[in-house]
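Okay, work-v4.txt is below, compact mmCIF, C-alpha atoms and all ligand atoms:
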```txt
# COMPACT_ATOMS: atom_id res chain seq x y z
CA MET A 1 -24.49 15.97 -15.02
CA PRO A 2 -25.69 17.15 -11.59
CA VAL A 3 -24.44 15.22 -8.58
CA THR A 4 -27.16 12.97 -7.18
CA VAL A 5 -24.98 10.49 -5.26
CA LEU A 6 -22.29 11.08 -2.65
CA LEU A 7 -19.78 8.29 -2.13
CA LEU A 8 -17.78 8.62 1.08
CA ASP A 9 -14.47 7.18 2.20
CA ILE A 10 -14.18 6.59 5.95
CA GLU A 11 -10.61 6.80 7.31
CA GLY A 12 -9.40 10.38 6.86
CA THR A 13 -12.77 11.54 5.47
CA THR A 14 -15.73 10.85 7.80
CA THR A 15 -13.48 9.64 10.60
CA PRO A 16 -10.06 10.60 12.00
CA ILE A 17 -7.16 8.42 10.87
CA SER A 18 -6.15 8.39 14.55
CA PHE A 19 -9.34 6.49 15.47
CA VAL A 20 -8.46 3.73 13.02
CA GLN A 21 -4.72 3.67 13.76
CA ASP A 22 -4.80 4.24 17.52
CA VAL A 23 -8.05 2.50 18.55
CA LEU A 24 -9.28 -0.05 15.99
CA PHE A 25 -5.96 -1.48 14.82
CA PRO A 26 -4.38 -1.82 18.28
CA TYR A 27 -7.54 -3.68 19.39
CA VAL A 28 -6.95 -6.26 16.65
CA LYS A 29 -3.23 -6.57 17.40
CA LYS A 30 -3.95 -7.10 21.11
CA HIS A 31 -6.78 -9.59 20.70
CA VAL A 32 -6.07 -11.54 17.51
CA LYS A 33 -4.49 -14.56 19.18
CA GLY A 34 -7.16 -14.86 21.87
CA TYR A 35 -9.91 -14.36 19.28
CA LEU A 36 -8.59 -17.17 17.09
CA GLN A 37 -8.19 -19.50 20.08
CA GLU A 38 -11.78 -18.81 21.17
CA HIS A 39 -13.44 -19.02 17.76
CA TYR A 40 -11.14 -21.42 15.89
CA GLU A 41 -13.71 -24.23 15.57
CA GLU A 42 -16.47 -21.92 14.30
CA LYS A 43 -17.43 -21.89 10.61
CA GLU A 44 -17.01 -18.12 10.23
CA CYS A 45 -13.53 -18.19 11.77
CA GLN A 46 -12.49 -21.10 9.54
CA GLU A 47 -13.72 -19.12 6.51
CA ASP A 48 -11.65 -16.12 7.63
CA ILE A 49 -8.58 -18.37 7.96
CA GLN A 50 -9.17 -19.93 4.54
CA LEU A 51 -9.41 -16.46 2.97
CA LEU A 52 -6.13 -15.44 4.67
CA LYS A 53 -4.51 -18.65 3.36
CA LYS A 54 -5.72 -17.89 -0.15
CA GLN A 55 -4.33 -14.35 0.11
CA ALA A 56 -0.98 -15.72 1.33
CA ALA A 57 -0.87 -18.17 -1.58
CA ASP A 58 -1.68 -15.36 -4.06
CA ASP A 59 1.04 -13.19 -2.49
CA GLN A 60 3.50 -16.06 -2.78
CA ARG A 61 2.66 -16.61 -6.44
CA LEU A 62 3.13 -12.91 -7.15
CA LEU A 63 6.45 -12.78 -5.37
CA GLN A 64 7.68 -15.90 -7.17
CA ALA A 65 10.40 -16.01 -4.56
CA ALA A 66 12.85 -18.88 -4.51
CA ALA A 67 12.81 -18.88 -0.72
CA PRO A 68 9.55 -19.81 1.04
CA PRO A 69 7.83 -16.76 2.57
CA PRO A 70 7.99 -16.41 6.34
CA ASP A 71 4.21 -16.54 6.70
CA SER A 72 3.16 -19.03 4.03
CA LEU A 73 0.01 -20.20 5.85
CA LEU A 74 0.03 -23.24 3.60
CA GLY A 75 0.56 -26.11 6.04
CA GLU A 76 -2.45 -28.44 6.01
CA ASN A 77 -1.28 -30.71 8.83
CA ALA A 78 -0.38 -28.02 11.35
CA SER A 79 -1.79 -28.33 14.86
CA LYS A 80 -4.36 -25.78 16.02
CA GLU A 81 -1.69 -23.90 17.97
CA GLN A 82 0.72 -23.86 15.00
CA ALA A 83 -2.05 -22.79 12.66
CA ILE A 84 -3.05 -19.96 15.00
CA GLU A 85 0.58 -18.80 15.32
CA GLU A 86 0.82 -18.65 11.52
CA VAL A 87 -2.41 -16.71 11.20
CA VAL A 88 -1.36 -14.27 13.93
CA ASP A 89 2.01 -13.69 12.20
CA ASN A 90 0.27 -13.17 8.87
CA VAL A 91 -2.29 -10.71 10.30
CA LEU A 92 0.38 -8.70 12.15
CA ARG A 93 2.59 -8.63 9.06
CA GLN A 94 -0.26 -7.41 6.86
CA MET A 95 -1.20 -4.79 9.45
CA SER A 96 2.40 -3.53 9.73
CA GLN A 97 2.17 -2.81 5.98
CA ASP A 98 -1.36 -1.32 6.33
CA ARG A 99 -2.57 -3.76 3.69
CA LYS A 100 -6.18 -3.49 2.59
CA THR A 101 -6.80 -7.09 1.60
CA THR A 102 -10.37 -8.37 1.81
CA ALA A 103 -9.10 -11.29 3.92
CA LEU A 104 -7.55 -9.05 6.57
CA LYS A 105 -10.48 -6.64 6.59
CA GLN A 106 -13.01 -9.46 6.96
CA LEU A 107 -11.29 -10.86 10.06
CA GLN A 108 -10.86 -7.37 11.56
CA GLY A 109 -14.56 -6.67 11.07
CA HIS A 110 -15.51 -9.86 12.87
CA MET A 111 -13.16 -9.05 15.73
CA TRP A 112 -14.52 -5.51 16.25
CA ARG A 113 -18.05 -6.82 16.90
CA ALA A 114 -17.22 -7.54 20.54
CA ALA A 115 -15.44 -4.20 21.00
CA TYR A 116 -18.47 -2.23 19.82
CA ALA A 117 -21.04 -4.48 21.51
CA SER A 118 -19.40 -4.05 24.93
CA GLY A 119 -19.13 -0.27 24.46
CA GLU A 120 -15.32 -0.48 24.72
CA VAL A 121 -15.14 1.21 21.32
CA LYS A 122 -17.39 3.89 19.82
CA GLY A 123 -17.09 4.91 16.17
CA GLU A 124 -15.68 8.41 15.75
CA VAL A 125 -17.18 10.74 13.16
CA TYR A 126 -16.16 14.36 12.48
CA GLU A 127 -18.78 16.80 13.77
CA ASP A 128 -19.54 18.26 10.32
CA VAL A 129 -20.42 14.84 8.85
CA VAL A 130 -23.90 14.14 10.24
CA PRO A 131 -25.41 17.64 9.59
CA ALA A 132 -24.09 17.64 6.01
CA ILE A 133 -25.40 14.15 5.21
CA LYS A 134 -28.80 15.09 6.64
CA GLU A 135 -28.87 18.14 4.34
CA TRP A 136 -27.87 16.07 1.30
CA ARG A 137 -30.52 13.48 2.05
CA LYS A 138 -33.13 16.23 2.51
CA ALA A 139 -32.14 17.55 -0.92
CA GLY A 140 -32.84 14.10 -2.40
CA LYS A 141 -29.25 12.92 -2.77
CA LYS A 142 -28.21 9.35 -2.08
CA VAL A 143 -25.27 8.70 0.23
CA TYR A 144 -23.08 5.59 0.11
CA ILE A 145 -19.91 4.50 1.88
CA TYR A 146 -16.92 2.99 0.06
CA SER A 147 -14.15 1.91 2.41
CA SER A 148 -11.45 -0.73 2.52
CA GLY A 149 -12.95 -1.70 5.87
CA SER A 150 -15.47 -4.52 5.39
CA VAL A 151 -19.16 -3.64 5.09
CA GLU A 152 -19.65 -5.25 8.49
CA ALA A 153 -16.88 -3.08 9.98
CA GLN A 154 -18.45 0.00 8.39
CA ARG A 155 -21.86 -0.84 9.82
CA LEU A 156 -20.35 -1.39 13.26
CA LEU A 157 -18.57 1.98 13.19
CA PHE A 158 -21.64 3.96 12.14
CA GLY A 159 -24.11 1.83 14.09
CA HIS A 160 -22.18 2.36 17.35
CA SER A 161 -20.88 5.87 16.85
CA SER A 162 -20.28 8.57 19.44
CA GLU A 163 -23.29 10.29 17.82
CA GLY A 164 -25.52 7.23 18.10
CA ASP A 165 -26.76 4.85 15.41
CA LEU A 166 -26.13 6.61 12.08
CA LEU A 167 -26.95 3.73 9.74
CA GLU A 168 -30.19 5.36 8.60
CA LEU A 169 -28.14 8.10 6.93
CA PHE A 170 -26.78 5.76 4.28
CA ASN A 171 -28.34 4.19 1.21
CA GLY A 172 -25.70 1.47 1.13
CA HIS A 173 -22.13 0.35 1.65
CA PHE A 174 -19.29 -0.93 -0.55
CA ASP A 175 -16.00 -2.54 0.40
CA THR A 176 -13.10 -4.20 -1.43
CA LYS A 177 -15.32 -7.10 -2.50
CA ILE A 178 -16.31 -4.79 -5.36
CA GLY A 179 -12.63 -4.08 -6.05
CA SER A 180 -9.67 -2.08 -4.80
CA LYS A 181 -10.15 1.62 -4.15
CA VAL A 182 -7.21 2.46 -6.43
CA GLU A 183 -8.71 0.66 -9.45
CA MET A 184 -10.91 2.56 -11.91
CA GLU A 185 -13.06 -0.53 -12.53
CA SER A 186 -14.27 -0.55 -8.89
CA TYR A 187 -15.95 2.81 -9.35
CA LYS A 188 -17.66 1.69 -12.55
CA GLN A 189 -18.96 -1.37 -10.70
CA ILE A 190 -20.25 0.84 -7.88
CA ALA A 191 -22.13 3.08 -10.34
CA GLN A 192 -23.60 -0.01 -11.98
CA SER A 193 -24.64 -1.43 -8.63
CA ILE A 194 -26.30 1.85 -7.60
CA GLY A 195 -27.91 2.11 -11.02
CA CYS A 196 -26.57 5.53 -11.98
CA SER A 197 -24.08 7.04 -14.37
CA THR A 198 -20.53 7.58 -13.01
CA ASP A 199 -20.74 11.32 -13.71
CA THR A 200 -23.59 11.74 -11.22
CA ILE A 201 -21.42 10.52 -8.32
CA LEU A 202 -19.19 12.72 -6.18
CA PHE A 203 -16.50 10.75 -4.33
CA LEU A 204 -14.99 12.24 -1.18
CA THR A 205 -11.64 10.88 -0.07
CA ASP A 206 -8.35 11.89 1.53
CA VAL A 207 -6.24 9.69 -0.77
CA THR A 208 -5.26 11.08 -4.18
CA LYS A 209 -4.59 7.61 -5.65
CA GLU A 210 -8.24 6.77 -4.94
CA ALA A 211 -9.35 10.15 -6.34
CA ARG A 212 -7.41 9.50 -9.55
CA ALA A 213 -9.01 6.06 -10.06
CA ALA A 214 -12.48 7.48 -9.42
CA GLU A 215 -11.84 10.36 -11.79
CA GLN A 216 -10.67 7.96 -14.51
CA ALA A 217 -14.00 6.16 -14.14
CA GLY A 218 -15.80 9.47 -14.70
CA LEU A 219 -16.76 10.37 -11.12
CA HIS A 220 -16.43 13.85 -9.66
CA VAL A 221 -13.92 13.92 -6.81
CA THR A 222 -13.17 16.19 -3.88
CA ILE A 223 -10.25 15.76 -1.49
CA VAL A 224 -11.08 16.00 2.19
CA VAL A 225 -8.32 17.60 4.25
CA ARG A 226 -8.41 16.63 7.92
CA PRO A 227 -5.90 16.91 10.77
CA GLY A 228 -3.46 14.01 10.55
CA ASN A 229 -4.14 13.22 6.87
CA ALA A 230 -1.20 12.83 4.48
CA GLU A 231 0.07 16.17 3.12
CA LEU A 232 -0.95 16.97 -0.43
CA THR A 233 1.62 18.21 -2.93
CA GLU A 234 1.22 21.75 -4.31
CA ALA A 235 0.21 20.21 -7.65
CA GLU A 236 -2.50 18.09 -5.98
CA LYS A 237 -3.77 21.10 -4.03
CA SER A 238 -4.20 23.13 -7.18
CA TYR A 239 -5.61 20.26 -9.27
CA TYR A 240 -8.29 18.95 -6.91
CA LYS A 241 -11.12 20.72 -5.18
CA CYS A 242 -10.20 20.41 -1.49
CA VAL A 243 -12.44 20.90 1.54
CA THR A 244 -11.75 20.85 5.27
CA SER A 245 -15.40 20.23 6.24
CA PHE A 246 -18.38 18.46 4.68
CA SER A 247 -20.23 21.81 4.93
CA GLU A 248 -18.09 23.04 2.00
CA VAL A 249 -18.83 20.09 -0.30
CA LEU A 250 -21.99 21.09 -2.24
C1 LIG B 1 -14.40 0.85 8.24
S1 LIG B 1 -13.70 0.37 9.63
C2 LIG B 1 -11.99 0.42 9.66
C3 LIG B 1 -11.28 1.16 8.64
C4 LIG B 1 -10.28 0.31 7.94
O1 LIG B 1 -10.01 -0.81 8.30
C5 LIG B 1 -9.65 0.85 6.78
O2 LIG B 1 -8.83 0.20 6.16
C6 LIG B 1 -10.03 2.20 6.31
O3 LIG B 1 -9.92 2.33 4.97
P1 LIG B 1 -10.59 3.54 4.17
O4 LIG B 1 -10.78 2.95 2.82
O5 LIG B 1 -11.86 3.94 4.83
O6 LIG B 1 -9.60 4.65 4.14
MG MG B 2 -9.29 7.29 3.51
```
Encoding of this model in structure tokens:
Amino acid sequence: MPVTVLLLDIEGTTTPISFVQDVLFPYVKKHVKGYLQEHYEEKECQEDIQLLKKQAADDQRLLQAAAPPPDSLLGENASKEQAIEEVVDNVLRQMSQDRKTTALKQLQGHMWRAAYASGEVKGEVYEDVVPAIKEWRKAGKKVYIYSSGSVEAQRLLFGHSSEGDLLELFNGHFDTKIGSKVEMESYKQIAQSIGCSTDTILFLTDVTKEARAAEQAGLHVTIVVRPGNAELTEAEKSYYKCVTSFSEVL
């Protein structure tokens, strides 16, 4: 089937890993405590905390450890300060493991609003990305984003990019609410949501585990090789189509 939909990863594909690791993540680490202190009473912040608590409880159940985990986030009677300390510990622990939980990504997305709004942060996009997407759109293709970053975080990055507001380029966005990027089922759900067959979608990513899941669901996949991305094995290089620029994709 001809490709009519392009599905794009962000970190390592449209955007340098260094932007995420050296700009976005340090911003969260620096500001998480202050953010929670300022917004603690707000409904959205309480929802973020509840989601982190649920994630911590799920993690605990999975671990089935005899000893209580160091960041259980389960105390109901904790003071505001204690509760904030627990959330901060949990967020920093998850970030040190580069976890992609919906709970962590939701809070991060809410925190980056202020960074983008003030102009302190501008979303970085590789220079070949915008011209290629414009060509694909002109040719009648649809273009979607699928990232572990929350849809709100995605919209912030592309809406406040160094190349201006790029949101018009996309037909839609998906995040881990539809499922993990390393699960085949997520890609089937995305195809269903777009209303197309999986074999009409081409997924661009830097991560071979994601490529494998997409391929199992019936998508076409291409690996994007960018400076700073994880090295591919010789077997991966010969198995997958690899590109170093979006201009080589179609
Ligand atoms: C979309 S904004 C920040 C990126 C992020 O938090 C992340 O985890 C990137 O994951 P990706 O799936 O785009 O590699
Ligand atoms: Mg990636």
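When only C-alpha atoms and all ligand atoms are used to measure the gap to ligand MG 2 (chain B), the shortest distance among A:Glu236, A:Asp98, A:Glu42, A:Asp206 belongs to A:Asp206.
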(request) Show me which residues sit within 6 Å of ligand MG 2 (chain B) when counting only C-alpha atoms and all ligand atoms, and put them as a list of chain:residue names. (result)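 Based on only C-alpha atoms and all ligand atoms, ligand MG 2 (chain B) is surrounded within 6 Å by A:Asp9, A:Ile10, A:Glu11, A:Gly12, A:Thr13, A:Thr205, A:Asp206, A:Val207.
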(request) Report as a PyMOL selection string which protein, DNA and RNA residues come within 7 Å of ligand LIG 1 (chain B), using all atoms listed in the file. (result) chain A and resi 9-12+20+24+100+105+146-150+153-154+157
(request) Could you tell me which of A:Arg99, A:Val5, A:Leu166, A:Trp112 comes closest to A:Val130 if we count only C-alpha atoms? (result)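 Checking each candidate against A:Val130, we get A:Leu166 as the closest.
Proximity to A:Val249 was assessed for A:Ser186, A:Gln97, A:Val151, A:Leu8 counting only C-alpha atoms; the smallest distance is recorded for A:Leu8.
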(request) Extract, using only C-alpha atoms, all DNA, RNA and protein residues at most 10 Å from A:Phe158, discarding same-chain residues fewer than 4 positions from it, and format them as JSON, numbers by chain. (result) {"A": [122, 123, 124, 125, 153, 154, 162, 163, 164, 165, 166, 167, 168, 169, 170]}
The centre and edge lengths of an axis-aligned box containing all atoms of stretch 173-183 of chain A present in the file, extended by 8 Å on each side, are to be given in Å to one decimal, as JSON.
```
{"center_x": -14.7, "center_y": -2.3, "center_z": -3.9, "size_x": 30.9, "size_y": 25.6, "size_z": 27.1}
```
(request) Extract, using only C-alpha atoms, all DNA, RNA and protein residues at most 12 Å from A:Gln189, discarding same-chain residues fewer than 2 positions from it, and format them as JSON, numbers by chain. (result) {"A": [146, 174, 175, 176, 177, 178, 179, 180, 181, 183, 184, 185, 186, 187, 191, 192, 193, 194, 195, 196, 197, 198, 214, 217, 218, 219]}
Those residues you just picked out, can you put them in a file as a CSV table (one decimal), in the frame of the given file with C-alpha atoms?
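Dumped to again.csv:
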```csv
chain,number,residue,atom,x,y,z
A,146,TYR,CA,-16.9,3.0,0.1
A,174,PHE,CA,-19.3,-0.9,-0.6
A,175,ASP,CA,-16.0,-2.5,0.4
A,176,THR,CA,-13.1,-4.2,-1.4
A,177,LYS,CA,-15.3,-7.1,-2.5
A,178,ILE,CA,-16.3,-4.8,-5.4
A,179,GLY,CA,-12.6,-4.1,-6.0
A,180,SER,CA,-9.7,-2.1,-4.8
A,181,LYS,CA,-10.2,1.6,-4.2
A,183,GLU,CA,-8.7,0.7,-9.4
A,184,MET,CA,-10.9,2.6,-11.9
A,185,GLU,CA,-13.1,-0.5,-12.5
A,186,SER,CA,-14.3,-0.6,-8.9
A,187,TYR,CA,-16.0,2.8,-9.4
A,191,ALA,CA,-22.1,3.1,-10.3
A,192,GLN,CA,-23.6,0.0,-12.0
A,193,SER,CA,-24.6,-1.4,-8.6
A,194,ILE,CA,-26.3,1.8,-7.6
A,195,GLY,CA,-27.9,2.1,-11.0
A,196,CYS,CA,-26.6,5.5,-12.0
A,197,SER,CA,-24.1,7.0,-14.4
A,198,THR,CA,-20.5,7.6,-13.0
A,214,ALA,CA,-12.5,7.5,-9.4
A,217,ALA,CA,-14.0,6.2,-14.1
A,218,GLY,CA,-15.8,9.5,-14.7
A,219,LEU,CA,-16.8,10.4,-11.1
```
(request) May I have the residues within 9 Å of A:Gly228 as a ChimeraX atom specification, using only C-alpha atoms and disregarding those fewer than 6 positions away in the same chain? (result) /A:12,16-18
(request) Just the residues within 9 Å of A:Pro2, please, counting only C-alpha atoms, with nothing from its chain fewer than 6 positions along; format it as a ChimeraX atom specification. (result) /A:199-201
Deliver the residues from the most recent selection as a file, using C-alpha atoms, as a PDB file, in the coordinates of the input.
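Below you can see selection.pdb, which holds the result:
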```pdb
ATOM      1  CA  ASP A 199     -20.740  11.320 -13.710  1.00  0.00           C
ATOM      2  CA  THR A 200     -23.590  11.740 -11.220  1.00  0.00           C
ATOM      3  CA  ILE A 201     -21.420  10.520  -8.320  1.00  0.00           C
TER       4      ILE A 201
END
```
(request) Check the smallest atom-to-atom distance from each of A:Ala132, A:Ile49, A:Leu204, A:Ala56 to A:Leu107 using all atoms listed in the file, then report the winner. (result)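 Among the listed residues, the smallest separation from A:Leu107 belongs to A:Ile49.
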(request) Find the distance between atom CA of A:Arg137 and atom CA of A:Thr244 and write it in Å to one decimal. (result) 20.4 Å
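Across A:Arg226, A:Lys53, A:His110, A:Arg93, the tightest approach to A:His39 is made by A:His110 when counting only C-alpha atoms.
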(message) Taking all atoms listed in the file into account, name the residue in A:Ser118, A:Val243, A:Leu6, A:Met1 that is nearest to A:Ile133.
(response) A:Leu6
(request) Grab the atom CA of A:Thr14 to atom CA of A:Val129 distance for me, in Å with one decimal place. (result)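 Spanning atom CA of A:Thr14 to atom CA of A:Val129 is a straight-line distance of 6.2 Å.
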(request) Please check which residues have atoms at most 6 Å from (-6.8, -18.3, 14.5) in the file's coordinates, counting only C-alpha atoms, and write them as a ChimeraX atom specification. (result) /A:36-37,40,84,87
(request) Could you jot down the atom CA of A:Val28 to atom CA of A:Val88 separation for me, Å, one decimal place? (result)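 Separation between atom CA of A:Val28 and atom CA of A:Val88: 10.1 Å.
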